[in-house]
$ cat upload_1.txt   # compact mmCIF, C-alpha atoms
# COMPACT_ATOMS: atom_id res chain seq x y z
CA MET H 1 16.67 -41.39 -60.87
CA ARG H 2 13.39 -43.24 -60.42
CA LEU H 3 10.99 -44.22 -63.19
CA LYS H 4 7.60 -45.86 -63.33
CA ASN H 5 7.73 -49.58 -62.72
CA VAL H 6 8.21 -51.78 -65.77
CA ARG H 7 6.04 -54.87 -65.87
CA GLY H 8 8.18 -57.97 -65.33
CA ALA H 9 11.21 -55.81 -64.49
CA ASN H 10 12.85 -58.34 -62.18
CA GLU H 11 12.69 -61.11 -64.79
CA ILE H 12 14.06 -58.77 -67.46
CA ILE H 13 16.91 -57.77 -65.15
CA ILE H 14 18.04 -61.23 -64.08
CA LYS H 15 18.02 -62.41 -67.70
CA GLY H 16 20.04 -59.39 -68.82
CA LYS H 17 22.97 -60.19 -71.07
CA TYR H 18 25.45 -58.24 -68.95
CA TYR H 19 23.75 -58.51 -65.58
CA VAL H 20 25.74 -60.15 -62.77
CA LEU H 21 23.28 -62.05 -60.63
CA GLU H 22 25.65 -62.95 -57.76
CA PRO H 23 28.25 -60.16 -57.58
CA PHE H 24 29.41 -61.26 -54.12
CA MET H 25 30.97 -64.33 -55.74
CA TYR H 26 33.43 -62.17 -57.64
CA LYS H 27 34.93 -60.11 -54.83
CA GLY H 28 38.60 -59.84 -55.71
CA LYS H 29 37.97 -61.79 -58.93
CA TRP H 30 36.38 -59.33 -61.33
CA ASN H 31 39.29 -59.50 -63.77
CA LYS H 32 38.71 -63.25 -64.00
CA LEU H 33 35.06 -62.63 -64.83
CA PHE H 34 36.09 -60.21 -67.58
CA GLY H 35 38.82 -62.61 -68.70
CA ASN H 36 41.59 -60.00 -68.73
CA SER H 37 43.70 -57.74 -66.52
CA ASN H 38 42.43 -54.45 -67.93
CA PRO H 39 41.57 -51.53 -65.59
CA ILE H 40 38.10 -51.57 -64.03
CA TYR H 41 36.00 -48.40 -63.96
CA ILE H 42 32.65 -48.25 -62.15
CA GLU H 43 29.78 -45.80 -62.34
CA ILE H 44 27.80 -45.56 -59.12
CA GLY H 45 24.19 -44.72 -59.95
CA MET H 46 24.30 -45.44 -63.69
CA GLY H 47 20.69 -44.46 -64.35
CA LYS H 48 19.44 -45.77 -67.68
CA GLY H 49 22.99 -46.67 -68.69
CA ASN H 50 23.84 -44.28 -71.50
CA PHE H 51 27.14 -43.13 -69.97
CA ILE H 52 28.52 -46.52 -69.01
CA ILE H 53 27.41 -48.19 -72.26
CA GLU H 54 28.89 -45.48 -74.49
CA ASN H 55 32.16 -45.63 -72.54
CA ALA H 56 32.28 -49.41 -72.97
CA LYS H 57 31.83 -48.96 -76.71
CA LYS H 58 34.51 -46.30 -76.97
CA TYR H 59 37.14 -47.85 -74.71
CA PRO H 60 37.30 -51.62 -75.34
CA ASN H 61 40.51 -51.97 -73.31
CA ILE H 62 38.82 -50.81 -70.10
CA ASN H 63 36.30 -52.90 -68.16
CA PHE H 64 33.18 -51.02 -67.09
CA ILE H 65 30.70 -51.90 -64.35
CA GLY H 66 27.44 -50.00 -63.94
CA ILE H 67 26.09 -49.90 -60.38
CA GLU H 68 22.41 -49.17 -59.70
CA LYS H 69 20.00 -50.03 -56.88
CA TYR H 70 16.61 -49.18 -58.39
CA ASP H 71 14.87 -51.84 -60.49
CA SER H 72 12.83 -49.24 -62.37
CA VAL H 73 16.07 -47.69 -63.64
CA ILE H 74 18.40 -50.64 -64.11
CA VAL H 75 15.85 -52.39 -66.31
CA ARG H 76 16.25 -49.60 -68.88
CA ALA H 77 20.01 -50.15 -69.02
CA ILE H 78 19.44 -53.89 -69.40
CA GLN H 79 17.06 -53.35 -72.30
CA LYS H 80 19.44 -50.88 -73.93
CA SER H 81 22.47 -53.17 -73.73
CA ASN H 82 21.00 -56.60 -74.52
CA ASP H 83 21.43 -56.24 -78.28
CA LEU H 84 25.03 -55.02 -78.05
CA GLU H 85 28.27 -57.01 -78.20
CA LEU H 86 30.45 -55.67 -75.39
CA ASP H 87 33.01 -57.91 -73.71
CA ASN H 88 33.94 -55.13 -71.28
CA LEU H 89 30.55 -54.35 -69.67
CA LYS H 90 28.84 -55.67 -66.54
CA ILE H 91 25.77 -54.42 -64.69
CA VAL H 92 25.20 -54.88 -60.96
CA ARG H 93 22.17 -54.20 -58.77
CA ILE H 94 23.35 -53.20 -55.29
CA ASP H 95 23.30 -50.28 -52.86
CA ALA H 96 26.51 -48.25 -52.91
CA ASN H 97 27.04 -48.72 -49.19
CA ARG H 98 27.75 -52.40 -49.87
CA LEU H 99 30.41 -51.92 -52.54
CA ASN H 100 33.15 -53.23 -50.26
CA GLU H 101 31.22 -56.52 -50.11
CA ILE H 102 31.68 -57.13 -53.84
CA PHE H 103 35.01 -55.40 -54.60
CA ASP H 104 38.40 -55.74 -52.92
CA LYS H 105 41.15 -53.36 -54.03
CA GLU H 106 40.48 -53.84 -57.74
CA ILE H 107 38.82 -50.61 -58.96
CA ASP H 108 40.81 -48.00 -60.91
CA MET H 109 38.19 -45.27 -61.37
CA ILE H 110 34.85 -44.27 -59.88
CA TYR H 111 32.35 -42.14 -61.80
CA LEU H 112 29.72 -40.21 -59.84
CA ASN H 113 27.26 -38.66 -62.26
CA PHE H 114 24.34 -36.55 -61.08
CA SER H 115 24.09 -38.28 -57.73
CA ASP H 116 21.25 -37.53 -55.33
CA PRO H 117 22.35 -34.27 -53.57
CA TRP H 118 20.58 -35.08 -50.28
CA PRO H 119 20.29 -31.34 -49.58
CA LYS H 120 19.31 -31.52 -45.90
CA ASP H 121 22.20 -31.40 -43.46
CA ARG H 122 20.89 -34.38 -41.50
CA HIS H 123 21.18 -36.49 -44.66
CA ALA H 124 24.74 -35.41 -45.51
CA LYS H 125 26.18 -38.85 -44.73
CA ARG H 126 24.07 -40.29 -47.57
CA ARG H 127 25.86 -38.19 -50.19
CA LEU H 128 28.17 -40.32 -52.33
CA THR H 129 31.07 -38.01 -51.52
CA SER H 130 30.51 -38.03 -47.75
CA PRO H 131 33.32 -39.34 -45.51
CA VAL H 132 31.22 -42.49 -45.04
CA PHE H 133 31.37 -43.37 -48.73
CA LEU H 134 34.92 -42.12 -49.28
CA SER H 135 36.02 -44.62 -46.63
CA ILE H 136 34.20 -47.40 -48.49
CA TYR H 137 35.93 -46.37 -51.72
CA ASP H 138 39.30 -46.64 -49.95
CA MET H 139 38.63 -50.36 -49.58
CA ILE H 140 37.82 -50.99 -53.23
CA PHE H 141 40.41 -48.91 -55.09
CA LYS H 142 43.35 -50.88 -56.45
CA ASN H 143 46.18 -48.37 -56.16
CA ASP H 144 45.87 -44.64 -56.77
CA LYS H 145 42.32 -43.45 -56.20
CA LYS H 146 40.56 -41.47 -58.93
CA ILE H 147 37.03 -40.06 -58.79
CA THR H 148 35.32 -38.19 -61.62
CA MET H 149 32.13 -36.37 -60.71
CA LYS H 150 29.51 -34.41 -62.66
CA THR H 151 26.50 -32.64 -61.18
CA ASP H 152 24.14 -29.76 -61.81
CA ASN H 153 23.88 -29.12 -58.06
CA ILE H 154 26.43 -26.50 -57.02
CA ASN H 155 25.93 -27.11 -53.30
CA LEU H 156 26.72 -30.81 -53.69
CA PHE H 157 29.67 -29.92 -55.89
CA ASN H 158 31.16 -27.52 -53.34
CA TYR H 159 30.54 -30.00 -50.54
CA SER H 160 32.29 -32.70 -52.56
CA VAL H 161 35.33 -30.53 -53.25
CA ASP H 162 35.70 -29.95 -49.51
CA THR H 163 35.20 -33.57 -48.44
CA LEU H 164 37.54 -34.92 -51.10
CA ILE H 165 40.32 -32.52 -50.09
CA GLU H 166 39.78 -33.35 -46.42
CA HIS H 167 40.08 -37.04 -47.33
CA GLY H 168 43.46 -36.52 -48.96
CA TYR H 169 42.44 -36.06 -52.59
CA GLU H 170 43.90 -33.47 -54.93
CA ILE H 171 41.40 -31.76 -57.23
CA VAL H 172 43.29 -31.92 -60.53
CA TYR H 173 40.43 -30.61 -62.67
CA LYS H 174 37.41 -28.48 -61.84
CA THR H 175 34.87 -26.50 -63.85
CA ASN H 176 31.50 -24.96 -63.11
CA ASN H 177 30.50 -24.75 -66.76
CA LEU H 178 31.25 -28.01 -68.54
CA ASN H 179 28.78 -27.17 -71.32
CA CYS H 180 31.05 -24.41 -72.60
CA LEU H 181 33.99 -26.71 -73.15
CA ASP H 182 34.57 -27.98 -76.67
CA TYR H 183 35.86 -31.51 -76.10
CA ASP H 184 34.71 -35.08 -76.27
CA ASN H 185 32.31 -35.56 -73.36
CA ILE H 186 30.06 -38.62 -73.04
CA MET H 187 26.79 -37.46 -71.53
CA THR H 188 24.33 -39.11 -69.19
CA GLU H 189 20.60 -38.89 -69.85
CA TYR H 190 20.32 -36.12 -67.26
CA GLU H 191 23.20 -34.23 -68.81
CA GLU H 192 21.67 -34.30 -72.27
CA LYS H 193 18.47 -32.82 -70.87
CA PHE H 194 20.29 -30.16 -68.84
CA ASN H 195 22.51 -29.26 -71.79
CA LYS H 196 19.45 -28.56 -73.94
CA GLN H 197 18.04 -26.38 -71.18
CA GLY H 198 21.26 -24.42 -70.80
CA ILE H 199 21.80 -25.60 -67.23
CA LYS H 200 25.44 -25.41 -66.21
CA ILE H 201 27.19 -28.65 -65.33
CA ASN H 202 29.91 -28.87 -62.71
CA LYS H 203 32.70 -31.40 -63.11
CA LEU H 204 35.73 -32.41 -61.08
CA ILE H 205 38.47 -34.99 -61.25
CA ALA H 206 40.08 -35.90 -57.93
CA ILE H 207 43.13 -38.11 -57.39
CA LYS H 208 44.57 -39.54 -54.20
CA LYS H 209 47.98 -41.12 -54.77
CA GLU H 210 49.22 -44.00 -52.68
CA ASN H 211 52.55 -43.44 -50.98
$ encode --input "upload_1.txt" --output "structure tokens"
Amino acid sequence: MRLKNVRGANEIIIKGKYYVLEPFMYKGKWNKLFGNSNPIYIEIGMGKGNFIIENAKKYPNINFIGIEKYDSVIVRAIQKSNDLELDNLKIVRIDANRLNEIFDKEIDMIYLNFSDPWPKDRHAKRRLTSPVFLSIYDMIFKNDKKITMKTDNINLFNYSVDTLIEHGYEIVYKTNNLNCLDYDNIMTEYEEKFNKQGIKINKLIAIKKEN
């Protein structure tokens, strides 16, 4: 998700209430930063932050970290969260291929919401469910590995099902029409738009248990 540049975005970001300026300092120490031993859930590609912020509000006993690499997007999440009081929220600006540089076996859940599908075959390794990224996730998960994914792109969804299974995950939940389900579902900005347009949303939950 890319937006028009916001004037003074970098200054807004680094002064953000929940922004972590030097995430590399906390590798293996994120629970100390949060001040508790609660589970840590991360959203890779948090967009404007609606999903991660609403989760932090709803689940105070879980620590949430929003990951985003684009200034033009992360600044919106910063602006949205600055007036809130959330002890369980952090925001980090970093590329997903460097996650193992800031986390070390301390993540309990990864959310992948409406990730870039990278539709061309030559770009497959850039998909956040490619073997390249699944190997990075192996290094940051604490114990059992759990990935929750939502996307409107059926080709990315099918690809992800295959790569996750090949990487040892069990798909414990899968639907190609999340909009039809009547249950509590926190939406991203994209999802709200797609839901109004009647576009079907695909969702999966994958778990890889440690022996």
$ atom_distance --input "upload_1.txt" --atom1 "CA of Asn82 (chain H)" --atom2 "CA of Ile44 (chain H)"
20.1 Å
$ axis_aligned_box --input "upload_1.txt" --around "region 25-39 of chain H" --padding-each-side "3 Å" --output "JSON"
{"center_x": 37.3, "center_y": -57.9, "center_z": -61.8, "size_x": 18.7, "size_y": 18.8, "size_z": 19.9}
$ residues_around --input "upload_1.txt" --residues "Gly49 (chain H)" --least-positions-apart "2" --cutoff "9 Å" --atoms "all atoms listed in the file" --output "PyMOL selection string"
chain H and resi 46-47+51-54+66+73-74+76-78+80-81+188-189
$ residues_around --input "upload_1.txt" --residues "Tyr41 (chain H)" --least-positions-apart "5" --cutoff "9 Å" --atoms "only C-alpha atoms" --output "list of chain:residue names"
H:Ile62, H:Asn63, H:Phe64, H:Ile65, H:Gly66, H:Ile107, H:Asp108, H:Met109, H:Ile110, H:Tyr111
$ residues_around --input "upload_1.txt" --residues "Asp95 (chain H)" --least-positions-apart "4" --cutoff "10 Å" --atoms "all atoms listed in the file" --output "PyMOL selection string"
chain H and resi 44-45+67-70+99
$ closest_residue --input "upload_1.txt" --among "H:Asn113, H:Ser160, H:Asn31, H:Gln197" --to "Asn50 (chain H)" --atoms "all atoms listed in the file"
H:Asn113
$ closest_residue --input "upload_1.txt" --among "H:Ile207, H:Ile154, H:Ile12, H:Val92" --to "Gln79 (chain H)" --atoms "all atoms listed in the file"
H:Ile12
$ atom_distance --input "upload_1.txt" --atom1 "CA of Tyr137 (chain H)" --atom2 "CA of Glu170 (chain H)"
15.5 Å
$ closest_residue --input "upload_1.txt" --among "H:Tyr173, H:Tyr18, H:Tyr159, H:Tyr190" --to "Pro119 (chain H)" --atoms "all atoms listed in the file"
H:Tyr159
$ closest_residue --input "upload_1.txt" --among "H:Leu134, H:Leu89, H:Ile94, H:Ile171" --to "Lys57 (chain H)" --atoms "only C-alpha atoms"
H:Leu89
$ closest_residue --input "upload_1.txt" --among "H:Pro117, H:Pro131, H:Gly168, H:Gly16" --to "Arg93 (chain H)" --atoms "all atoms listed in the file"
H:Gly16
$ closest_residue --input "upload_1.txt" --among "H:Lys29, H:Lys15, H:Lys203, H:Lys209" --to "Ile102 (chain H)" --atoms "only C-alpha atoms"
H:Lys29
